[in-house]
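A quick write-up on the structure given underneath.
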Amino acid sequence: MPAMHFNIGGRVATGFALVLLILVAQGVATITALRVAADHFLAFQRASAATNVIHAMESNVVELQRSVLAYTFSGFEGVLSRIRRVQKGLQRQFEQLHAELQDQRRQDLLKRMEDHFLSHTANFAAALEEHRLRDRLADQEVDQSAREASRELAQLLEQAMAAGQYRWSAHLGLAQEHLLTSHRDALAFQGAPDALLVRDVERRMRLFNTAWQPVSGLIPDDVRERVEGVRIQATRFETGFHSLVRATRAYLHMVHVVMAGEEAEFARLTVELKEATLTEQAGLDARLHATMATARRDALLFTL
C-alpha cells in the first residue's frame, strides 16, 4: 500500500514537474521572441525616422538649388536669408542621421553627402563675395563714373555750342553718344549677362576713344582740366566694366558649373541613401513579422 501511494505521488509530482517545465520553457521562448521583436521594432522605428529625415532632406536640396538660382537672377536679401535657413536645416538633418544610421555603408554615403554639402556651402560663400564685388563694381565704378563723365560732357557740349565752336561740338557730341550707349549696354549686362553686350561695350568705347582724340587739340585752355576729367572718368568706366565682367563670369561659373555639380552629386547620393534605408526598413519589417509568427507558432505548439 505505501509503495502504491509512493508510485501515485511520484507520478503526480513528475507530471506536475513536466507541466511546470513546459510552462517555464514556453515563458522563456515567448520572452525571448518578444525581446527579439522589440529589438526589430526599435530598429524599424529608427529606419522609419531616418527615412523621414531623408525625404525632408530631398526637399531641402531642391529648395537650395531653386533658391541659389533665384538669388543669381534677383540678388534679393530675402532669398539669401532663405538659402541660409535651408543650409542650417540640412546641417541639423545630417546630425540626426549620424545618430540614426547604424551600418557602415549608409554612414559612408552620409559622409560623402556631407562632404558635398560642406563644399557647396563654402563655394556659395565664395560666389556670394563675387556677387557683392560685382554689385560694388557696377555701382561705384561703372555706373557712377559713366554718369559723372556724361554729366560733364553735356556741360562742355552746351558751352561749346553757345560759343559757336561747332567742330569741337561735333566731336564732343559723337563721344557723348558712344559713352551713353556703352553705359546703357553695361547696365543691361549687369541685369542679364551676355557676351554680345560685352563686345558692344568694347566696340563703343573704341569709338569713344577715336572720337575723343581730336578733342585735346581743339579745346581752349580754360576747360582743359575738365576735359581731362572726362577722359579719366571714361577710362575708369571702361576698366570697371572689364572688372565687372570678370566678377560676373567667376560668379556664374561657380553657380552653374561648380555648385551645380555639387548639387547633382548631393541629390544622387540622397536618392541612394534613401533606397538603402528603405531596403533596410523593408528587411526589418519582414524580420519583425517573422519573429512574431515564430512566437505565435511556438506558443501554439506548447499548448498542444
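Identifiers in this document derive from the order of the C-alpha cells: chains are assigned A, B, ..., residues are numbered from 1 separately in each chain, and ligands are numbered from 1 in order of occurrence.
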* Contacts of His183 (chain A) at 8 Å or less, counting only C-alpha atoms, minus same-chain residues fewer than 2 places along, as a list in words? ->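 My list of contacting residues is Val142, Asp143, Ala146, Leu179, Leu180, Thr181, Asp185, Ala186, Leu187 and Val201 of chain A.
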If we count only C-alpha atoms and set the cut-off at 9 Å, which residues sit around Val227 (chain A), ignoring sequence neighbours fewer than 5 positions away in its own chain? Please answer as a PDB file with N, CA and C atoms, in the first residue's frame.
ATOM      1  N   GLU A 152      29.485 115.843 -67.227  1.00  0.00           N
ATOM      2  CA  GLU A 152      30.495 116.831 -67.608  1.00  0.00           C
ATOM      3  C   GLU A 152      30.521 117.029 -69.124  1.00  0.00           C
ATOM      4  N   LEU A 153      30.352 115.932 -69.864  1.00  0.00           N
ATOM      5  CA  LEU A 153      30.312 116.028 -71.325  1.00  0.00           C
ATOM      6  C   LEU A 153      29.150 116.904 -71.785  1.00  0.00           C
ATOM      7  N   LEU A 156      30.048 120.545 -71.208  1.00  0.00           N
ATOM      8  CA  LEU A 156      31.050 121.000 -72.178  1.00  0.00           C
ATOM      9  C   LEU A 156      30.429 121.201 -73.555  1.00  0.00           C
ATOM     10  N   VAL A 215      39.738 115.963 -79.681  1.00  0.00           N
ATOM     11  CA  VAL A 215      39.227 116.969 -78.765  1.00  0.00           C
ATOM     12  C   VAL A 215      40.364 117.732 -78.093  1.00  0.00           C
ATOM     13  N   SER A 216      41.432 117.004 -77.702  1.00  0.00           N
ATOM     14  CA  SER A 216      42.543 117.643 -76.976  1.00  0.00           C
ATOM     15  C   SER A 216      43.194 118.749 -77.782  1.00  0.00           C
ATOM     16  N   ILE A 219      40.274 122.033 -77.809  1.00  0.00           N
ATOM     17  CA  ILE A 219      39.686 122.672 -76.631  1.00  0.00           C
ATOM     18  C   ILE A 219      40.481 123.897 -76.208  1.00  0.00           C
ATOM     19  N   ILE A 232      39.425 110.721 -67.765  1.00  0.00           N
ATOM     20  CA  ILE A 232      39.747 109.860 -66.613  1.00  0.00           C
ATOM     21  C   ILE A 232      38.519 109.054 -66.193  1.00  0.00           C
TER      22      ILE A 232
END
For region 33-136 of chain A against region 267-279 of chain A, with a cut-off of 8 Å and counting only C-alpha atoms, what is the closest atom pair and its distance in Å to one decimal for every residue that makes the cut, ordered by chain and number, as CSV?
residue,atom,partner,partner_atom,distance
A:Ala47,CA,A:Thr277,CA,6.4
A:Ala50,CA,A:Thr277,CA,7.4
A:Thr51,CA,A:Thr277,CA,6.4
A:Ile54,CA,A:Lys274,CA,6.2
A:His55,CA,A:Lys274,CA,7.6
A:Met57,CA,A:Thr270,CA,7.8
A:Glu58,CA,A:Thr270,CA,6.7
A:Val61,CA,A:Ala267,CA,6.9
A:Arg106,CA,A:Leu273,CA,6.3
A:Leu109,CA,A:Leu273,CA,6.4
A:Leu110,CA,A:Leu273,CA,7.3
A:Arg112,CA,A:Leu269,CA,7.8
A:Met113,CA,A:Leu269,CA,6.2
* Tell me, as an MDAnalysis selection string, which residues lie within 8 Å of Gly89 (chain A), counting only C-alpha atoms; anything in the same chain fewer than 4 positions away does not count. => chainID A and resid 60 85 93
Could you write those residues out with N, CA, C and O atoms, as a PDB file, in the first residue's frame?
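Generated file (part-v5.pdb):
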ATOM      1  N   ASN A  60      14.787  69.782 -49.144  1.00  0.00           N
ATOM      2  CA  ASN A  60      15.699  70.899 -48.871  1.00  0.00           C
ATOM      3  C   ASN A  60      16.737  71.069 -49.975  1.00  0.00           C
ATOM      4  O   ASN A  60      17.138  72.190 -50.291  1.00  0.00           O
ATOM      5  N   ARG A  85      18.753  79.591 -44.188  1.00  0.00           N
ATOM      6  CA  ARG A  85      17.855  78.745 -43.382  1.00  0.00           C
ATOM      7  C   ARG A  85      17.886  77.303 -43.867  1.00  0.00           C
ATOM      8  O   ARG A  85      17.911  76.362 -43.069  1.00  0.00           O
ATOM      9  N   GLN A  93      19.758  68.046 -40.124  1.00  0.00           N
ATOM     10  CA  GLN A  93      19.369  66.725 -40.627  1.00  0.00           C
ATOM     11  C   GLN A  93      20.564  65.779 -40.717  1.00  0.00           C
ATOM     12  O   GLN A  93      20.424  64.582 -40.450  1.00  0.00           O
TER      13      GLN A  93
END
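When only C-alpha atoms are used to measure the gap to Val245 (chain A), the shortest distance among A:Leu174, A:Ala127, A:Ala160, A:Leu133 belongs to A:Leu133.
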* Asked: Could you work out how far CA of His116 (chain A) lies from CA of Glu262 (chain A), giving the answer in Å with one decimal?
  -> 5.7 Å
* Long-range neighbours of Ile83 (chain A) as a list in words, 9 Å cut-off, only C-alpha atoms, 2 positions minimum in chain -> Glu63, Leu64, Ser67, Val68, Tyr71, Gly78, Val79, Leu80, Ser81, Arg85, Val86, Gln87 and Lys88 of chain A
Please, could you write that set of residues out with N, CA, C and O atoms as a PDB file, in the first residue's frame?
ATOM      1  N   GLU A  63      15.018  72.829 -52.739  1.00  0.00           N
ATOM      2  CA  GLU A  63      14.826  74.232 -52.339  1.00  0.00           C
ATOM      3  C   GLU A  63      16.130  75.011 -52.414  1.00  0.00           C
ATOM      4  O   GLU A  63      16.155  76.179 -52.831  1.00  0.00           O
ATOM      5  N   LEU A  64      17.223  74.366 -52.028  1.00  0.00           N
ATOM      6  CA  LEU A  64      18.528  75.025 -52.094  1.00  0.00           C
ATOM      7  C   LEU A  64      18.898  75.344 -53.541  1.00  0.00           C
ATOM      8  O   LEU A  64      19.358  76.463 -53.842  1.00  0.00           O
ATOM      9  N   SER A  67      16.693  78.195 -54.778  1.00  0.00           N
ATOM     10  CA  SER A  67      16.998  79.483 -54.142  1.00  0.00           C
ATOM     11  C   SER A  67      18.310  80.072 -54.643  1.00  0.00           C
ATOM     12  O   SER A  67      18.424  81.295 -54.804  1.00  0.00           O
ATOM     13  N   VAL A  68      19.311  79.213 -54.879  1.00  0.00           N
ATOM     14  CA  VAL A  68      20.590  79.716 -55.403  1.00  0.00           C
ATOM     15  C   VAL A  68      20.382  80.343 -56.778  1.00  0.00           C
ATOM     16  O   VAL A  68      20.915  81.424 -57.072  1.00  0.00           O
ATOM     17  N   TYR A  71      18.554  83.663 -56.374  1.00  0.00           N
ATOM     18  CA  TYR A  71      19.448  84.732 -55.916  1.00  0.00           C
ATOM     19  C   TYR A  71      20.365  85.196 -57.044  1.00  0.00           C
ATOM     20  O   TYR A  71      20.706  86.379 -57.143  1.00  0.00           O
ATOM     21  N   GLY A  78      16.193  88.674 -49.187  1.00  0.00           N
ATOM     22  CA  GLY A  78      15.250  87.694 -48.663  1.00  0.00           C
ATOM     23  C   GLY A  78      15.556  86.293 -49.160  1.00  0.00           C
ATOM     24  O   GLY A  78      15.421  85.310 -48.420  1.00  0.00           O
ATOM     25  N   VAL A  79      15.969  86.179 -50.419  1.00  0.00           N
ATOM     26  CA  VAL A  79      16.346  84.871 -50.969  1.00  0.00           C
ATOM     27  C   VAL A  79      17.610  84.367 -50.287  1.00  0.00           C
ATOM     28  O   VAL A  79      17.731  83.170 -49.983  1.00  0.00           O
ATOM     29  N   LEU A  80      18.541  85.279 -50.022  1.00  0.00           N
ATOM     30  CA  LEU A  80      19.778  84.883 -49.329  1.00  0.00           C
ATOM     31  C   LEU A  80      19.467  84.361 -47.927  1.00  0.00           C
ATOM     32  O   LEU A  80      20.066  83.368 -47.477  1.00  0.00           O
ATOM     33  N   SER A  81      18.531  84.994 -47.241  1.00  0.00           N
ATOM     34  CA  SER A  81      18.131  84.514 -45.906  1.00  0.00           C
ATOM     35  C   SER A  81      17.522  83.117 -45.990  1.00  0.00           C
ATOM     36  O   SER A  81      17.762  82.268 -45.124  1.00  0.00           O
ATOM     37  N   ARG A  85      18.753  79.591 -44.188  1.00  0.00           N
ATOM     38  CA  ARG A  85      17.855  78.745 -43.382  1.00  0.00           C
ATOM     39  C   ARG A  85      17.886  77.303 -43.867  1.00  0.00           C
ATOM     40  O   ARG A  85      17.911  76.362 -43.069  1.00  0.00           O
ATOM     41  N   VAL A  86      17.884  77.117 -45.181  1.00  0.00           N
ATOM     42  CA  VAL A  86      17.935  75.757 -45.736  1.00  0.00           C
ATOM     43  C   VAL A  86      19.260  75.096 -45.375  1.00  0.00           C
ATOM     44  O   VAL A  86      19.294  73.901 -45.020  1.00  0.00           O
ATOM     45  N   GLN A  87      20.357  75.834 -45.443  1.00  0.00           N
ATOM     46  CA  GLN A  87      21.661  75.278 -45.084  1.00  0.00           C
ATOM     47  C   GLN A  87      21.678  74.820 -43.623  1.00  0.00           C
ATOM     48  O   GLN A  87      22.175  73.734 -43.305  1.00  0.00           O
ATOM     49  N   LYS A  88      21.111  75.636 -42.730  1.00  0.00           N
ATOM     50  CA  LYS A  88      21.052  75.248 -41.311  1.00  0.00           C
ATOM     51  C   LYS A  88      20.159  74.019 -41.118  1.00  0.00           C
ATOM     52  O   LYS A  88      20.468  73.139 -40.307  1.00  0.00           O
TER      53      LYS A  88
END
